[in-house]
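**Student:** Shown below is the structure under consideration.
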Amino acid sequence: MIVFLDGWVNDEKCLARQKSITGSVLSADKIVHVTTTDEFLQQIITQQVDAGWSGNSLIAQGYFNDTAVQLLPPRSPPQCMLSGSAMMTRKDNNFTTYWNQGFDKLVESGRFTRLCSEASRRHGSAGTVACLNP
């Protein structure tokens, strides 16, 4: 059984597209979904699953450092997205319009840069803080 994080692009469908990995297409009874990184890690450590399929960001942020989890080659799964982060809304929802307006204001005011710098200062010891560069 393989554990995946719910809502992440690195899911069982991503794994199934990796033709170079033998057994990459899993039956439903071999797939476990969890909602948090702690649950993901516990599933592996307690041997409730055989392995986990994780996004590059968890590995890059050092999430697995100092744990019993062994990272196997490749050190990270192939990218399953074209580029960057995204959000999804229903077709009949105009949330993205308001989001874009608010984000533009945040960037123009300089507050976004300050928030990013503050996040790096506070949390940089856990790994690289990947900020957007708008």
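Within each chain, counting starts at residue 1; across the structure tokens, chains are named A, B, ... in the order shown, with ligands numbered 1 upward in that order.
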Would you mind listing what lies within 12 Å of Asp29 (chain A) as a VMD selection string, with only C-alpha atoms counted and same-chain residues fewer than 5 positions away left out?
**Tutor:** chain A and resid 1 to 3 12 49
**Student:** Might you pull out every residue within 12 Å of Val32 (chain A), with only C-alpha atoms counted and same-chain residues fewer than 3 positions away left off, and present them as a ChimeraX atom specification?
**Tutor:** /A:1-6,11-12,26-29,35,39-40,43-44,48-53
**Student:** Save out the residues we just selected, N, CA, C and O atoms, as a PDB file, in the first residue's frame.
**Tutor:**
```pdb
ATOM      1  N   MET A   1       0.840  -1.183   0.000  1.00  0.00           N
ATOM      2  CA  MET A   1       0.000   0.000   0.000  1.00  0.00           C
ATOM      3  C   MET A   1       0.885   1.247   0.000  1.00  0.00           C
ATOM      4  O   MET A   1       1.944   1.250   0.607  1.00  0.00           O
ATOM      5  N   ILE A   2       0.382   2.282  -0.664  1.00  0.00           N
ATOM      6  CA  ILE A   2       1.115   3.533  -0.790  1.00  0.00           C
ATOM      7  C   ILE A   2       0.256   4.657  -0.215  1.00  0.00           C
ATOM      8  O   ILE A   2      -0.935   4.735  -0.496  1.00  0.00           O
ATOM      9  N   VAL A   3       0.870   5.545   0.577  1.00  0.00           N
ATOM     10  CA  VAL A   3       0.146   6.675   1.157  1.00  0.00           C
ATOM     11  C   VAL A   3       0.402   7.931   0.322  1.00  0.00           C
ATOM     12  O   VAL A   3       1.515   8.147  -0.166  1.00  0.00           O
ATOM     13  N   PHE A   4      -0.668   8.728   0.160  1.00  0.00           N
ATOM     14  CA  PHE A   4      -0.627   9.981  -0.575  1.00  0.00           C
ATOM     15  C   PHE A   4      -1.262  11.062   0.279  1.00  0.00           C
ATOM     16  O   PHE A   4      -2.133  10.784   1.101  1.00  0.00           O
ATOM     17  N   LEU A   5      -0.867  12.311   0.064  1.00  0.00           N
ATOM     18  CA  LEU A   5      -1.484  13.445   0.742  1.00  0.00           C
ATOM     19  C   LEU A   5      -2.666  13.945  -0.082  1.00  0.00           C
ATOM     20  O   LEU A   5      -2.513  14.244  -1.275  1.00  0.00           O
ATOM     21  N   ASP A   6      -3.830  14.021   0.546  1.00  0.00           N
ATOM     22  CA  ASP A   6      -5.032  14.512  -0.122  1.00  0.00           C
ATOM     23  C   ASP A   6      -4.841  15.924  -0.642  1.00  0.00           C
ATOM     24  O   ASP A   6      -4.302  16.788   0.057  1.00  0.00           O
ATOM     25  N   ASP A  11      -0.252  12.709  -6.562  1.00  0.00           N
ATOM     26  CA  ASP A  11      -1.201  11.709  -6.091  1.00  0.00           C
ATOM     27  C   ASP A  11      -1.029  10.406  -6.866  1.00  0.00           C
ATOM     28  O   ASP A  11      -0.068  10.233  -7.622  1.00  0.00           O
ATOM     29  N   GLU A  12      -1.965   9.492  -6.691  1.00  0.00           N
ATOM     30  CA  GLU A  12      -1.871   8.193  -7.369  1.00  0.00           C
ATOM     31  C   GLU A  12      -1.972   8.332  -8.886  1.00  0.00           C
ATOM     32  O   GLU A  12      -1.426   7.508  -9.622  1.00  0.00           O
ATOM     33  N   LEU A  26      -1.837   1.605  -9.437  1.00  0.00           N
ATOM     34  CA  LEU A  26      -2.278   0.908  -8.233  1.00  0.00           C
ATOM     35  C   LEU A  26      -3.775   0.644  -8.257  1.00  0.00           C
ATOM     36  O   LEU A  26      -4.545   1.483  -8.726  1.00  0.00           O
ATOM     37  N   SER A  27      -4.182  -0.477  -7.698  1.00  0.00           N
ATOM     38  CA  SER A  27      -5.604  -0.735  -7.512  1.00  0.00           C
ATOM     39  C   SER A  27      -6.072   0.063  -6.294  1.00  0.00           C
ATOM     40  O   SER A  27      -5.266   0.447  -5.432  1.00  0.00           O
ATOM     41  N   ALA A  28      -7.366   0.309  -6.201  1.00  0.00           N
ATOM     42  CA  ALA A  28      -7.925   1.155  -5.137  1.00  0.00           C
ATOM     43  C   ALA A  28      -7.575   0.642  -3.744  1.00  0.00           C
ATOM     44  O   ALA A  28      -7.370   1.430  -2.821  1.00  0.00           O
ATOM     45  N   ASP A  29      -7.459  -0.666  -3.579  1.00  0.00           N
ATOM     46  CA  ASP A  29      -7.161  -1.214  -2.250  1.00  0.00           C
ATOM     47  C   ASP A  29      -5.698  -1.035  -1.846  1.00  0.00           C
ATOM     48  O   ASP A  29      -5.320  -1.340  -0.724  1.00  0.00           O
ATOM     49  N   THR A  35      -4.673  13.505   5.299  1.00  0.00           N
ATOM     50  CA  THR A  35      -4.832  14.943   5.091  1.00  0.00           C
ATOM     51  C   THR A  35      -3.688  15.788   5.628  1.00  0.00           C
ATOM     52  O   THR A  35      -3.600  16.965   5.301  1.00  0.00           O
ATOM     53  N   GLU A  39       0.252  12.736   9.516  1.00  0.00           N
ATOM     54  CA  GLU A  39      -0.406  11.444   9.258  1.00  0.00           C
ATOM     55  C   GLU A  39       0.353  10.663   8.189  1.00  0.00           C
ATOM     56  O   GLU A  39       0.509   9.446   8.289  1.00  0.00           O
ATOM     57  N   PHE A  40       0.831  11.376   7.178  1.00  0.00           N
ATOM     58  CA  PHE A  40       1.601  10.769   6.095  1.00  0.00           C
ATOM     59  C   PHE A  40       2.819  10.040   6.677  1.00  0.00           C
ATOM     60  O   PHE A  40       3.063   8.878   6.407  1.00  0.00           O
ATOM     61  N   GLN A  43       1.931   6.963   8.906  1.00  0.00           N
ATOM     62  CA  GLN A  43       1.534   5.782   8.129  1.00  0.00           C
ATOM     63  C   GLN A  43       2.776   4.971   7.730  1.00  0.00           C
ATOM     64  O   GLN A  43       2.750   3.745   7.748  1.00  0.00           O
ATOM     65  N   ILE A  44       3.840   5.676   7.389  1.00  0.00           N
ATOM     66  CA  ILE A  44       5.076   5.005   6.972  1.00  0.00           C
ATOM     67  C   ILE A  44       5.815   4.437   8.182  1.00  0.00           C
ATOM     68  O   ILE A  44       6.198   3.272   8.193  1.00  0.00           O
ATOM     69  N   GLN A  48       1.952   0.960   8.439  1.00  0.00           N
ATOM     70  CA  GLN A  48       0.593   0.734   7.972  1.00  0.00           C
ATOM     71  C   GLN A  48       0.549   0.704   6.448  1.00  0.00           C
ATOM     72  O   GLN A  48      -0.392   0.190   5.858  1.00  0.00           O
ATOM     73  N   VAL A  49       1.585   1.296   5.833  1.00  0.00           N
ATOM     74  CA  VAL A  49       1.740   1.285   4.375  1.00  0.00           C
ATOM     75  C   VAL A  49       3.166   0.843   4.060  1.00  0.00           C
ATOM     76  O   VAL A  49       4.042   0.842   4.926  1.00  0.00           O
ATOM     77  N   ASP A  50       3.382   0.492   2.800  1.00  0.00           N
ATOM     78  CA  ASP A  50       4.722   0.074   2.375  1.00  0.00           C
ATOM     79  C   ASP A  50       5.611   1.261   2.033  1.00  0.00           C
ATOM     80  O   ASP A  50       6.830   1.199   2.186  1.00  0.00           O
ATOM     81  N   ALA A  51       4.980   2.335   1.553  1.00  0.00           N
ATOM     82  CA  ALA A  51       5.753   3.503   1.123  1.00  0.00           C
ATOM     83  C   ALA A  51       4.825   4.699   0.994  1.00  0.00           C
ATOM     84  O   ALA A  51       3.605   4.566   1.061  1.00  0.00           O
ATOM     85  N   GLY A  52       5.428   5.871   0.787  1.00  0.00           N
ATOM     86  CA  GLY A  52       4.676   7.092   0.533  1.00  0.00           C
ATOM     87  C   GLY A  52       5.179   7.731  -0.741  1.00  0.00           C
ATOM     88  O   GLY A  52       6.344   7.587  -1.107  1.00  0.00           O
ATOM     89  N   TRP A  53       4.297   8.414  -1.420  1.00  0.00           N
ATOM     90  CA  TRP A  53       4.645   9.157  -2.646  1.00  0.00           C
ATOM     91  C   TRP A  53       4.432  10.619  -2.323  1.00  0.00           C
ATOM     92  O   TRP A  53       3.314  11.051  -2.040  1.00  0.00           O
TER      93      TRP A  53
END
```
**Student:** For CA of Trp8 (chain A) and CA of Cys80 (chain A), quote the distance in Å rounded to one decimal.
**Tutor:**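 Computing the Euclidean distance for CA of Trp8 (chain A) and CA of Cys80 (chain A) yields 9.7 Å.
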**Student:** Skip region 114-121 of chain A itself and residues of its chain fewer than 4 positions away, then list as number ranges by chain all residues within 9 Å of it, counting only C-alpha atoms.
**Tutor:** A: 110, 125, 127-132
**Student:** Selection from above, C-alpha atoms, as a PDB file, in the first residue's frame, can you write it?
**Tutor:**
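Result written to part.pdb:
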```pdb
ATOM      1  CA  GLY A 110       5.139  46.012  -0.399  1.00  0.00           C
ATOM      2  CA  SER A 125      15.751  27.005   9.765  1.00  0.00           C
ATOM      3  CA  GLY A 127      14.254  24.751   4.989  1.00  0.00           C
ATOM      4  CA  THR A 128      13.978  27.183   2.134  1.00  0.00           C
ATOM      5  CA  VAL A 129      10.863  29.350   2.110  1.00  0.00           C
ATOM      6  CA  ALA A 130       9.786  29.410  -1.528  1.00  0.00           C
ATOM      7  CA  CYS A 131       8.192  32.796  -2.108  1.00  0.00           C
ATOM      8  CA  LEU A 132       6.568  33.889  -5.330  1.00  0.00           C
TER       9      LEU A 132
END
```
**Student:** Rounded to one decimal place, report the CA of Gly55 (chain A)-CA of Val9 (chain A) distance in Å.
**Tutor:**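 Taking CA of Gly55 (chain A) and CA of Val9 (chain A), their separation equals 7.6 Å.
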**Student:** Report the distance between CA of Phe112 (chain A) and CA of Tyr98 (chain A) in Å, rounded to one decimal place.
**Tutor:**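 These atoms are spaced 16.5 Å apart.
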